[in-house]
>>> print(open('structure_7.cif').read())   # mmCIF, C-alpha atoms (C1' of nucleotides)
data_model
#
loop_
_atom_site.label_atom_id
_atom_site.label_comp_id
_atom_site.auth_asym_id
_atom_site.auth_seq_id
_atom_site.Cartn_x
_atom_site.Cartn_y
_atom_site.Cartn_z
CA MET J 1 -7.88 -4.60 -4.44
CA ILE J 2 -8.65 -2.92 -7.76
CA ARG J 3 -9.98 0.36 -6.53
CA THR J 4 -12.98 2.06 -8.04
CA ASN J 5 -15.04 5.14 -7.28
CA THR J 6 -18.40 4.82 -8.95
CA ALA J 7 -19.86 7.73 -7.02
CA PHE J 8 -17.37 10.09 -8.59
CA LEU J 9 -17.60 8.59 -12.05
CA ASP J 10 -21.39 8.82 -11.96
CA PHE J 11 -21.14 12.43 -10.89
CA ILE J 12 -18.77 13.30 -13.71
CA LEU J 13 -20.78 11.44 -16.32
CA ALA J 14 -24.03 12.97 -15.13
CA ASN J 15 -22.57 16.44 -15.41
CA GLN J 16 -20.69 15.90 -18.61
CA ASP J 17 -23.10 18.06 -20.57
CA ARG J 18 -22.32 20.95 -18.25
CA TYR J 19 -18.63 20.44 -18.94
CA PRO J 20 -17.97 21.22 -22.61
CA LYS J 21 -16.19 18.51 -24.57
CA SER J 22 -13.20 20.75 -25.01
CA LEU J 23 -12.74 20.85 -21.24
CA VAL J 24 -13.50 17.28 -20.32
CA GLN J 25 -11.85 15.36 -23.07
CA GLU J 26 -12.56 11.67 -23.53
CA LEU J 27 -9.47 9.73 -24.49
CA SER J 28 -8.69 6.16 -25.41
CA ILE J 29 -5.50 4.74 -23.97
CA GLU J 30 -3.73 1.67 -25.29
CA LYS J 31 -2.61 -1.09 -23.00
CA GLY J 32 0.92 -0.37 -21.85
CA HIS J 33 0.68 3.36 -22.38
CA LYS J 34 1.73 5.56 -19.49
CA LEU J 35 -0.80 8.09 -18.28
CA ILE J 36 1.85 9.55 -16.01
CA ARG J 37 5.61 9.19 -16.02
CA GLN J 38 7.57 9.33 -12.83
CA ARG J 39 9.36 12.63 -12.08
CA SER J 40 7.60 14.47 -14.89
CA LEU J 41 5.34 17.48 -15.04
CA VAL J 42 1.67 16.60 -14.87
CA ASN J 43 -0.67 19.01 -16.54
CA ALA J 44 -3.93 17.12 -16.57
CA VAL J 45 -6.08 15.05 -14.26
CA SER J 46 -7.58 11.86 -15.66
CA ILE J 47 -10.66 10.09 -14.39
CA ILE J 48 -10.80 6.46 -15.41
CA ASN J 49 -13.95 5.54 -17.29
CA GLU J 50 -13.08 2.01 -18.42
CA GLY J 51 -10.12 -0.28 -17.92
CA ILE J 52 -7.48 -0.86 -15.28
CA ALA J 53 -4.19 0.91 -14.60
CA LYS J 54 -1.36 0.36 -12.19
CA CYS J 55 0.10 3.17 -10.14
CA TYR J 56 3.68 2.41 -9.18
CA LEU J 57 7.03 3.77 -8.08
CA TYR J 58 10.29 2.64 -9.53
CA GLN J 59 13.28 2.70 -7.28
CA ASP J 60 16.95 3.25 -8.00
CA ASP J 61 17.61 -0.47 -7.92
CA GLY J 62 15.25 -1.11 -10.83
CA THR J 63 12.42 -2.71 -8.90
CA ASP J 64 8.88 -1.47 -9.27
CA PHE J 65 6.52 -1.13 -6.38
CA ILE J 66 2.82 -0.98 -7.25
CA LEU J 67 0.83 1.25 -4.92
CA GLU J 68 -2.65 0.66 -6.26
CA PHE J 69 -4.58 -0.74 -9.15
CA PHE J 70 -7.02 1.85 -10.45
CA GLY J 71 -10.36 1.00 -12.02
CA PRO J 72 -13.38 3.08 -13.11
CA GLY J 73 -13.88 6.33 -11.22
CA GLU J 74 -10.37 6.50 -9.82
CA VAL J 75 -8.44 9.66 -10.44
CA VAL J 76 -4.90 10.14 -11.57
CA GLY J 77 -2.69 13.21 -11.41
CA GLU J 78 -4.61 15.14 -8.79
CA ILE J 79 -1.91 14.80 -6.17
CA GLU J 80 0.77 16.28 -8.38
CA MET J 81 -1.63 19.03 -9.35
CA LEU J 82 -2.35 19.92 -5.75
CA ASN J 83 1.24 19.74 -4.60
CA ASN J 84 2.51 21.51 -7.67
CA GLU J 85 5.30 19.01 -7.89
CA PHE J 86 6.69 16.53 -10.34
CA SER J 87 4.97 13.19 -10.28
CA PHE J 88 6.27 10.84 -7.61
CA ALA J 89 4.72 7.77 -9.22
CA ALA J 90 3.97 6.42 -12.67
CA VAL J 91 0.60 5.24 -13.95
CA GLU J 92 0.33 2.73 -16.76
CA ALA J 93 -2.63 1.11 -18.51
CA LEU J 94 -2.90 -2.64 -17.88
CA THR J 95 -5.84 -2.96 -20.28
CA PRO J 96 -7.19 -0.73 -23.02
CA MET J 97 -8.76 2.23 -21.28
CA THR J 98 -10.90 5.26 -21.74
CA VAL J 99 -10.40 8.24 -19.48
CA LEU J 100 -11.95 11.65 -19.01
CA ARG J 101 -9.24 14.24 -18.92
CA LEU J 102 -9.36 17.68 -17.34
CA THR J 103 -6.73 20.30 -17.98
CA ARG J 104 -4.96 21.76 -15.00
CA ASP J 105 -6.91 25.01 -15.21
CA ARG J 106 -10.22 23.24 -15.54
CA PHE J 107 -9.42 21.03 -12.55
CA ILE J 108 -8.55 24.02 -10.38
CA GLU J 109 -11.64 25.83 -11.58
CA LEU J 110 -13.96 22.98 -10.73
CA LEU J 111 -12.26 22.55 -7.40
CA THR J 112 -12.88 26.16 -6.45
CA LYS J 113 -16.28 26.69 -8.07
CA ASP J 114 -18.09 23.39 -7.72
CA PRO J 115 -18.45 22.36 -4.08
CA VAL J 116 -19.70 18.91 -5.01
CA PHE J 117 -16.67 18.30 -7.19
CA ASN J 118 -14.46 19.63 -4.44
CA ASN J 119 -16.02 17.29 -1.92
CA HIS J 120 -15.55 14.31 -4.21
CA VAL J 121 -11.85 15.10 -4.49
CA LEU J 122 -11.49 15.46 -0.73
CA LYS J 123 -13.18 12.13 -0.16
CA LEU J 124 -11.17 10.43 -2.81
CA LEU J 125 -7.91 11.62 -1.26
CA ALA J 126 -9.07 10.52 2.16
CA GLY J 127 -9.88 7.14 0.65
CA LYS J 128 -6.40 6.82 -0.83
CA VAL J 129 -4.84 7.58 2.54
CA LYS J 130 -6.99 5.01 4.29
CA TYR J 131 -6.43 2.37 1.65
CA LYS J 132 -2.66 2.71 1.77
CA ALA J 133 -2.61 2.76 5.53
CA THR J 134 -4.61 -0.42 6.00
CA ARG J 135 -2.97 -2.26 3.15
CA PHE J 136 0.60 -1.54 4.19
CA SER J 137 -0.13 -2.20 7.80
CA PHE J 138 -1.49 -5.61 6.91
CA THR J 139 1.29 -6.47 4.49
CA GLN J 140 3.96 -5.40 6.92
CA THR J 141 2.64 -7.34 9.88
CA HIS J 142 1.62 -10.57 8.14
CA THR J 143 3.48 -13.23 6.25
CA LEU J 144 3.16 -13.51 2.51
CA GLU J 145 1.01 -16.60 2.91
CA GLN J 146 -1.47 -14.72 5.09
CA THR J 147 -1.53 -11.73 2.76
CA LEU J 148 -2.06 -13.85 -0.33
CA THR J 149 -4.77 -15.91 1.33
CA LYS J 150 -6.67 -12.74 2.18
CA MET J 151 -6.23 -11.30 -1.30
CA LEU J 152 -7.53 -14.48 -2.89
CA GLU J 153 -10.52 -14.49 -0.56
CA ASP J 154 -11.34 -10.92 -1.49
CA MET J 155 -10.78 -11.49 -5.17
CA PRO J 156 -10.86 -15.14 -6.27
CA ASP J 157 -10.02 -14.32 -9.90
CA LEU J 158 -6.95 -12.35 -8.85
CA LEU J 159 -4.50 -14.48 -10.79
CA GLU J 160 -6.51 -14.21 -13.99
CA VAL J 161 -6.77 -10.42 -13.81
CA ILE J 162 -3.34 -9.42 -12.53
CA SER J 163 -0.16 -10.84 -14.02
CA LYS J 164 2.27 -12.55 -11.69
CA LYS J 165 4.83 -9.93 -12.55
CA ASP J 166 2.52 -7.17 -11.35
CA LEU J 167 1.47 -9.16 -8.30
CA VAL J 168 5.11 -9.47 -7.36
CA SER J 169 5.56 -5.70 -7.65
CA TYR J 170 2.39 -5.05 -5.71
CA LEU J 171 3.58 -7.18 -2.81
CA GLY J 172 7.16 -6.01 -2.99
CA ILE J 173 8.48 -9.56 -3.18
CA THR J 174 10.27 -11.78 -5.68
CA LYS J 175 8.80 -14.09 -8.28
CA ARG J 176 10.31 -17.01 -6.45
CA SER J 177 8.53 -16.21 -3.20
CA LEU J 178 5.22 -15.79 -4.94
CA ASN J 179 5.54 -19.12 -6.74
CA ARG J 180 6.57 -20.91 -3.60
CA THR J 181 3.69 -19.50 -1.58
CA LEU J 182 1.12 -20.19 -4.29
CA LYS J 183 2.39 -23.75 -4.46
CA ASN J 184 1.98 -24.11 -0.69
CA LEU J 185 -1.55 -22.74 -0.80
CA LYS J 186 -2.44 -25.20 -3.56
CA GLU J 187 -0.98 -28.13 -1.63
CA GLN J 188 -2.94 -27.07 1.41
CA GLY J 189 -6.06 -26.89 -0.72
CA HIS J 190 -6.64 -23.20 -0.13
CA ILE J 191 -6.75 -22.49 -3.85
CA MET A 1 10.07 11.23 9.62
CA ILE A 2 8.15 13.34 12.12
CA ARG A 3 5.83 15.15 9.79
CA THR A 4 5.00 18.81 10.18
CA ASN A 5 3.02 21.37 8.23
CA THR A 6 4.14 24.82 9.24
CA ALA A 7 2.33 26.47 6.34
CA PHE A 8 -1.00 25.27 7.67
CA LEU A 9 -0.22 26.01 11.30
CA ASP A 10 0.90 29.52 10.41
CA PHE A 11 -2.31 30.03 8.46
CA ILE A 12 -4.47 28.86 11.34
CA LEU A 13 -2.58 30.89 13.93
CA ALA A 14 -2.66 34.00 11.75
CA ASN A 15 -6.41 33.69 11.37
CA GLN A 16 -7.19 32.69 14.90
CA ASP A 17 -8.70 36.05 15.66
CA ARG A 18 -11.17 35.55 12.86
CA TYR A 19 -12.10 32.21 14.36
CA PRO A 20 -13.77 32.80 17.72
CA LYS A 21 -12.27 30.94 20.66
CA SER A 22 -15.41 28.94 21.05
CA LEU A 23 -14.95 27.51 17.59
CA VAL A 24 -11.23 26.95 17.53
CA GLN A 25 -10.56 25.62 20.95
CA GLU A 26 -7.02 25.36 22.25
CA LEU A 27 -6.45 22.24 24.29
CA SER A 28 -3.61 20.76 26.28
CA ILE A 29 -3.10 17.05 25.93
CA GLU A 30 -1.15 14.90 28.33
CA LYS A 31 1.46 12.47 27.18
CA GLY A 32 -0.18 9.10 26.59
CA HIS A 33 -3.64 10.52 26.02
CA LYS A 34 -5.46 9.40 22.92
CA LEU A 35 -6.68 12.10 20.59
CA ILE A 36 -8.50 9.46 18.58
CA ARG A 37 -9.46 5.91 19.42
CA GLN A 38 -9.64 3.27 16.76
CA ARG A 39 -13.12 2.37 15.51
CA SER A 40 -14.77 5.26 17.30
CA LEU A 41 -16.80 8.24 16.18
CA VAL A 42 -14.72 11.32 15.54
CA ASN A 43 -16.47 14.61 16.00
CA ALA A 44 -13.62 17.08 15.91
CA VAL A 45 -10.54 17.85 13.87
CA SER A 46 -7.34 18.68 15.75
CA ILE A 47 -4.42 20.67 14.45
CA ILE A 48 -1.22 20.07 16.35
CA ASN A 49 0.33 23.20 17.76
CA GLU A 50 3.05 21.73 19.95
CA GLY A 51 4.26 18.22 20.68
CA ILE A 52 4.41 14.90 18.88
CA ALA A 53 1.80 12.20 18.40
CA LYS A 54 1.81 8.77 16.85
CA CYS A 55 -0.88 7.67 14.44
CA TYR A 56 -1.21 3.89 14.45
CA LEU A 57 -3.39 0.92 13.69
CA TYR A 58 -3.76 -2.02 15.98
CA GLN A 59 -4.37 -5.37 14.43
CA ASP A 60 -6.28 -8.39 15.66
CA ASP A 61 -3.08 -10.09 16.75
CA GLY A 62 -2.27 -7.30 19.20
CA THR A 63 0.55 -5.66 17.27
CA ASP A 64 0.55 -1.95 16.59
CA PHE A 65 1.61 -0.48 13.30
CA ILE A 66 2.55 3.20 13.38
CA LEU A 67 1.62 5.03 10.18
CA GLU A 68 3.11 8.41 10.92
CA PHE A 69 4.51 10.59 13.64
CA PHE A 70 2.70 13.93 13.67
CA GLY A 71 4.30 17.18 14.73
CA PRO A 72 3.19 20.84 14.60
CA GLY A 73 0.76 21.71 11.85
CA GLU A 74 -0.32 18.15 11.17
CA VAL A 75 -4.01 17.43 11.28
CA VAL A 76 -5.87 14.62 12.90
CA GLY A 77 -9.41 13.42 12.34
CA GLU A 78 -10.05 15.02 8.98
CA ILE A 79 -10.15 11.72 7.14
CA GLU A 80 -12.85 10.28 9.35
CA MET A 81 -14.74 13.54 9.05
CA LEU A 82 -14.63 13.47 5.27
CA ASN A 83 -15.47 9.80 4.92
CA ASN A 84 -18.12 9.98 7.59
CA GLU A 85 -16.80 6.77 9.03
CA PHE A 86 -15.47 5.46 12.28
CA SER A 87 -11.79 6.07 12.80
CA PHE A 88 -9.56 3.49 11.17
CA ALA A 89 -6.52 4.47 13.23
CA ALA A 90 -5.69 5.72 16.70
CA VAL A 91 -3.71 8.84 17.57
CA GLU A 92 -1.85 9.15 20.85
CA ALA A 93 0.32 11.88 22.34
CA LEU A 94 3.99 10.91 22.72
CA THR A 95 4.81 14.16 24.49
CA PRO A 96 2.69 16.78 26.18
CA MET A 97 0.84 18.58 23.42
CA THR A 98 -1.32 21.55 22.62
CA VAL A 99 -3.79 21.30 19.78
CA LEU A 100 -6.32 23.56 18.12
CA ARG A 101 -9.61 21.78 17.87
CA LEU A 102 -12.43 22.42 15.41
CA THR A 103 -15.85 20.92 15.81
CA ARG A 104 -17.23 18.89 12.95
CA ASP A 105 -19.58 21.68 11.88
CA ARG A 106 -16.89 24.30 12.04
CA PHE A 107 -14.53 22.13 9.99
CA ILE A 108 -17.17 21.57 7.30
CA GLU A 109 -18.02 25.26 7.32
CA LEU A 110 -14.43 26.35 6.86
CA LEU A 111 -13.97 23.76 4.17
CA THR A 112 -16.89 25.10 2.17
CA LYS A 113 -16.54 28.81 2.89
CA ASP A 114 -12.82 29.44 3.11
CA PRO A 115 -11.05 28.52 -0.13
CA VAL A 116 -7.63 28.94 1.45
CA PHE A 117 -8.52 26.56 4.27
CA ASN A 118 -9.95 24.16 1.73
CA ASN A 119 -6.78 24.25 -0.31
CA HIS A 120 -4.65 23.59 2.75
CA VAL A 121 -6.69 20.49 3.53
CA LEU A 122 -6.42 19.25 -0.05
CA LYS A 123 -2.66 19.69 -0.01
CA LEU A 124 -2.30 18.09 3.36
CA LEU A 125 -4.20 15.01 2.20
CA ALA A 126 -2.14 14.84 -0.95
CA GLY A 127 0.96 15.03 1.25
CA LYS A 128 -0.21 12.14 3.39
CA VAL A 129 -0.79 10.01 0.32
CA LYS A 130 2.64 10.78 -1.05
CA TYR A 131 4.37 10.23 2.27
CA LYS A 132 2.79 6.85 2.80
CA ALA A 133 3.46 5.80 -0.77
CA THR A 134 7.17 6.61 -0.73
CA ARG A 135 7.76 5.36 2.78
CA PHE A 136 6.07 2.00 2.30
CA SER A 137 7.63 1.50 -1.06
CA PHE A 138 11.05 2.03 0.45
CA THR A 139 10.43 -0.12 3.51
CA GLN A 140 9.01 -2.94 1.44
CA THR A 141 11.82 -3.07 -1.10
CA HIS A 142 14.79 -2.56 1.23
CA THR A 143 16.24 -4.49 4.10
CA LEU A 144 15.89 -3.28 7.63
CA GLU A 145 19.54 -2.28 7.67
CA GLN A 146 19.08 -0.06 4.63
CA THR A 147 15.89 1.47 6.00
CA LEU A 148 17.42 2.18 9.40
CA THR A 149 20.56 3.66 7.86
CA LYS A 150 18.46 6.06 5.83
CA MET A 151 16.31 7.01 8.80
CA LEU A 152 19.36 7.74 10.92
CA GLU A 153 20.85 9.85 8.13
CA ASP A 154 17.67 11.87 7.88
CA MET A 155 17.30 12.18 11.63
CA PRO A 156 20.45 11.53 13.64
CA ASP A 157 18.71 11.97 16.99
CA LEU A 158 16.06 9.40 16.07
CA LEU A 159 16.81 7.08 18.96
CA GLU A 160 16.61 9.87 21.51
CA VAL A 161 13.25 11.12 20.24
CA ILE A 162 11.42 7.91 19.43
CA SER A 163 11.34 4.98 21.83
CA LYS A 164 12.54 1.63 20.58
CA LYS A 165 9.08 0.25 21.18
CA ASP A 166 7.58 2.83 18.84
CA LEU A 167 10.34 2.39 16.30
CA VAL A 168 9.56 -1.30 16.22
CA SER A 169 5.89 -0.56 15.56
CA TYR A 170 6.75 2.02 12.93
CA LEU A 171 8.88 -0.46 11.02
CA GLY A 172 6.54 -3.38 11.56
CA ILE A 173 9.32 -5.57 12.95
CA THR A 174 10.27 -7.17 16.26
CA LYS A 175 12.39 -5.75 19.04
CA ARG A 176 14.93 -8.48 18.40
CA SER A 177 15.42 -7.48 14.77
CA LEU A 178 15.83 -3.84 15.66
CA ASN A 179 18.44 -4.60 18.32
CA ARG A 180 20.35 -6.88 16.02
CA THR A 181 20.41 -4.37 13.20
CA LEU A 182 21.40 -1.49 15.46
CA LYS A 183 24.23 -3.62 16.81
CA ASN A 184 25.42 -4.34 13.28
CA LEU A 185 25.34 -0.67 12.35
CA LYS A 186 27.36 0.18 15.44
CA GLU A 187 29.95 -2.49 14.68
CA GLN A 188 30.22 -1.20 11.14
CA GLY A 189 30.73 2.29 12.52
CA HIS A 190 27.63 3.70 10.86
CA ILE A 191 26.31 4.98 14.17
"C1'" DA D 1 24.89 -2.94 50.38
"C1'" DA D 2 21.94 -7.06 49.32
"C1'" DA D 3 17.72 -8.72 47.43
"C1'" DA D 4 14.07 -8.53 44.45
"C1'" DG D 5 11.76 -7.09 40.63
"C1'" DT D 6 11.62 -5.25 35.82
"C1'" DA D 7 13.09 -3.71 31.39
"C1'" DA D 8 16.61 -4.07 27.76
"C1'" DA D 9 20.03 -6.84 25.18
"C1'" DG D 10 21.35 -10.69 22.91
"C1'" DG D 11 22.35 -16.11 21.92
"C1'" DA D 12 20.47 -20.11 19.59
"C1'" DC D 13 17.54 -21.89 16.58
"C1'" DA D 14 13.24 -21.72 13.33
"C1'" DT D 15 10.88 -19.66 9.69
"C1'" DT D 16 10.39 -16.69 5.90
"C1'" DT D 17 12.07 -14.62 1.94
"C1'" DG D 18 15.77 -13.78 -1.52
"C1'" DT D 19 19.50 -15.22 -4.91
"C1'" DC D 20 21.21 -18.00 -8.27
"C1'" DC D 21 20.60 -21.11 -11.53
"C1'" DC D 22 18.68 -24.79 -14.33
"C1'" DA D 23 14.89 -27.33 -16.70
"C1'" DC D 24 10.92 -27.04 -19.32
"C1'" DC D 25 7.73 -25.27 -22.77
"C1'" DA D 26 5.77 -22.30 -26.47
"C1'" DG D 27 6.57 -19.32 -30.15
"C1'" DT D 28 9.13 -18.00 -34.08
"C1'" DA D 29 12.90 -16.79 -37.17
"C1'" DG D 30 16.08 -19.01 -40.10
"C1'" DC O 1 13.32 -29.20 -38.49
"C1'" DT O 2 16.53 -26.60 -35.69
"C1'" DA O 3 18.01 -23.12 -32.93
"C1'" DC O 4 17.11 -19.23 -30.52
"C1'" DT O 5 14.23 -16.49 -27.45
"C1'" DG O 6 11.36 -15.29 -23.56
"C1'" DG O 7 8.59 -16.68 -20.08
"C1'" DT O 8 7.47 -19.90 -16.15
"C1'" DG O 9 8.27 -23.00 -12.29
"C1'" DG O 10 11.11 -24.81 -8.99
"C1'" DG O 11 15.63 -26.91 -6.45
"C1'" DA O 12 19.44 -25.68 -3.47
"C1'" DC O 13 21.40 -22.69 -0.75
"C1'" DA O 14 22.01 -17.83 1.47
"C1'" DA O 15 20.35 -13.96 3.91
"C1'" DA O 16 16.98 -11.61 6.66
"C1'" DT O 17 13.80 -11.70 10.24
"C1'" DG O 18 11.05 -13.94 14.02
"C1'" DT O 19 10.53 -16.87 18.32
"C1'" DC O 20 11.97 -18.33 22.50
"C1'" DC O 21 14.51 -17.92 26.30
"C1'" DT O 22 18.70 -16.62 28.98
"C1'" DT O 23 21.65 -13.05 30.51
"C1'" DT O 24 22.63 -8.38 31.69
"C1'" DA O 25 21.73 -4.00 33.61
"C1'" DC O 26 19.22 -0.99 36.03
"C1'" DT O 27 15.66 0.37 39.65
"C1'" DT O 28 13.44 -0.05 43.85
"C1'" DT O 29 12.98 -1.87 48.32
"C1'" DT O 30 14.59 -3.32 52.55
#
>>> encode(input="structure_7.cif", output="C-alpha cells")
Amino acid sequence: MIRTNTAFLDFILANQDRYPKSLVQELSIEKGHKLIRQRSLVNAVSIINEGIAKCYLYQDDGTDFILEFFGPGEVVGEIEMLNNEFSFAAVEALTPMTVLRLTRDRFIELLTKDPVFNNHVLKLLAGKVKYKATRFSFTQTHTLEQTLTKMLEDMPDLLEVISKKDLVSYLGITKRSLNRTLKNLKEQGHI
Amino acid sequence: MIRTNTAFLDFILANQDRYPKSLVQELSIEKGHKLIRQRSLVNAVSIINEGIAKCYLYQDDGTDFILEFFGPGEVVGEIEMLNNEFSFAAVEALTPMTVLRLTRDRFIELLTKDPVFNNHVLKLLAGKVKYKATRFSFTQTHTLEQTLTKMLEDMPDLLEVISKKDLVSYLGITKRSLNRTLKNLKEQGHI
DNA sequence: AAAAGTAAAGGACATTTGTCCCACCAGTAG
DNA sequence: CTACTGGTGGGACAAATGTCCTTTACTTTT
C-alpha cells in the first residue's frame, strides 16, 4: 500500500558519483511540505530517498482523493515532465523526507542518454498503471469492509502509519464510514 | 472516454515503410476476440488502427471491471512487456478491429533504438496513469448520477456506442443502479 | 397470429454509505 | 480553574446502491 521502488533507488544511489551533486541534488523536506502543487508547473523530478509522501487530487468540492502513498525509490513529477503539462495532482510529505532531485534538463538527458535509466522510468510508469488499475478495480467492486480487511491483512500497522484523515481520503469515503467499519471489524474480532 | 492517441498512430503509420511488414504485422480482429487474456503470457504489442476494444479485469467473484475503452492509436500489451509479467488485465474487441502488431523483440528494439518511439511510449504510459487517476478520483467522490451526467455531456452518443452491460462494468455498479439513474436523468430532462 | 423463450426494465426491500449533530477528551490560553 | 479549541467517536436518520424477483417487451418458432 505504501509503494516503493528499491531497484530504482539502488540504481540512482549506485550511480550518484557519475551524476554530479549539482545535477542530482539531495534535499530535505519537512513534514507537510508540498513537493508538487496541483495545477502548477513542475520543473524537477524527485526520487524519494527516505520518508513517505501522499499523492492526491483535490476536487472542486473540497475533498481530497489520495492516489498513492510514495515511499523510498518512488518518483514524483515525471508524468508532468513527460506530458509537458501542469501537474494534475499534488504531492505532500507525510513524514520528514529526503529526496534526490533532478532538473528537467537533467531528467530528459538521462532519459535519452542512459538506457538503464530510461528502462527504469518505463517500468515505474507501467507499475503505476498496474497499481492504480488493480486498486481501483478492487475498491470499486468490494464493500468498504472487504477493502479494509484486505488492507489490514497486507499491512497490519496501517492505522499507526497512516492517519485516519488520510485513510479516508485514500478510500474516497467519509470519516463516519471508516469509524463504523473499523468498529464492526473490531466487534467481529478481525482486528 | 474512449481513449485515442492519434499522434502515436500517425507516427507509426508514417514510418511503416521503415518497419518491414514482417515486423509490424497488420491484423484484423473480429468483434469479441481477445487481444489479451488475463494472467497469460504476452508476446506482442498491438497498436489499434481501427475499432474499439475494452480493457478489463475480472475478479474472483465473476464481475468484470473495465479500466478503459481503447480506440485508434492506443497500445495494448506494453505494460506486460515492460514488467515482464503475466497480463493483469484482458483486452477484447468491441467492434471489428485492425491492429498493428509488434513482436516482443521488435518492440524492445524500437524502444532502445528509436528515441521518438521511446518518447511516444513514455508519454502514452504517463497518459494512462493520468487518465486512471482522474477518472477514479471522480468516480469515487461523486454519485452515480453526477458521474453519468458528466459522461453524457462529454459523449452524448455514449449509450449508442457502449452497451449497458459494458457501461455497468466500466462504472463498477449493477444493471439495476444504471437503469434507475438513467430513468431519473430522463425524468429530470437531462437526457 | 399464438406460444414460447429471452433480454431489458423496474418494483420492493435490504444493505451500505453519507449527513448532521452531539458528547467526550486533551491541550492550552486567559 | 475556566473556557475555548480541535480532534475523535458514534447515534439517528437520509440517500445511494445492491439484491431479488416480477413485469414488460421483443424475438423466434410454429
>>> atom_distance(input="structure_7.cif", atom1="atom CA of A:Glu78", atom2="atom CA of A:Phe107")
8.5 Å
>>> residues_around(input="structure_7.cif", residues="D:DT16", least_positions_apart="3", cutoff="12 Å", atoms="only C-alpha atoms (C1' of nucleotides)", output="number ranges by chain")
J: 142-145, 173, 177, 180-181; O: 15-18
>>> atom_distance(input="structure_7.cif", atom1="atom CA of J:Thr63", atom2="atom CA of A:Thr147")
15.9 Å
>>> atom_distance(input="structure_7.cif", atom1="atom C1' of D:DA12", atom2="atom CA of J:Phe138")
29.2 Å
>>> axis_aligned_box(input="structure_7.cif", around="stretch 97-105 of chain J", padding_each_side="4 Å", output="lines of an AutoDock Vina configuration file")
center_x = -8.5
center_y = 13.6
center_z = -18.4
size_x = 15.0
size_y = 30.8
size_z = 14.7
>>> resolve_selection(input="structure_7.cif", expression="the PyMOL selection byres ((chain D) within 12 of (chain J))", output="ChimeraX atom specification")
/D:15-20
>>> interface_residues(input="structure_7.cif", of="chain A", to="chain J", cutoff="9 Å", atoms="only C-alpha atoms", output="count of residues only")
40
>>> resolve_selection(input="structure_7.cif", expression="the PyMOL selection byres ((chain O) within 10 of (chain J))", output="list in words")
DT8, DG9 and DG10 of chain O
>>> write_last_selection(input="structure_7.cif", atoms="C-alpha atoms (C1' of nucleotides)", output="PDB file, keeping the file's coordinate frame")
ATOM      1  C1'  DT O   8       7.470 -19.900 -16.150  1.00  0.00           C
ATOM      2  C1'  DG O   9       8.270 -23.000 -12.290  1.00  0.00           C
ATOM      3  C1'  DG O  10      11.110 -24.810  -8.990  1.00  0.00           C
TER       4       DG O  10
END
>>> resolve_selection(input="structure_7.cif", expression="the PyMOL selection byres ((chain O and resi 5) around 10)", output="list in words")
DG27, DT28 and DA29 of chain D; DA3, DC4, DG6 and DG7 of chain O
>>> decode(input="structure_7.cif", residues="stretch 162-177 of chain J", atoms="C-alpha atoms", output="short mmCIF file (atom, residue, chain, number, x, y, z; two decimals), in the first residue's frame")
data_model
loop_
_atom_site.label_atom_id
_atom_site.label_comp_id
_atom_site.auth_asym_id
_atom_site.auth_seq_id
_atom_site.Cartn_x
_atom_site.Cartn_y
_atom_site.Cartn_z
CA ILE J 162 -1.48 6.44 8.10
CA SER J 163 -3.76 8.93 9.81
CA LYS J 164 -7.48 8.29 9.70
CA LYS J 165 -7.91 11.51 7.79
CA ASP J 166 -5.59 10.28 5.06
CA LEU J 167 -7.13 6.83 5.07
CA VAL J 168 -10.49 8.42 4.48
CA SER J 169 -9.11 10.34 1.50
CA TYR J 170 -7.38 7.26 0.16
CA LEU J 171 -10.61 5.29 0.18
CA GLY J 172 -12.76 8.15 -1.00
CA ILE J 173 -15.17 7.77 1.90
CA THR J 174 -16.22 9.73 4.97
CA LYS J 175 -14.79 9.63 8.47
CA ARG J 176 -18.07 8.26 9.71
CA SER J 177 -17.99 5.27 7.39
#
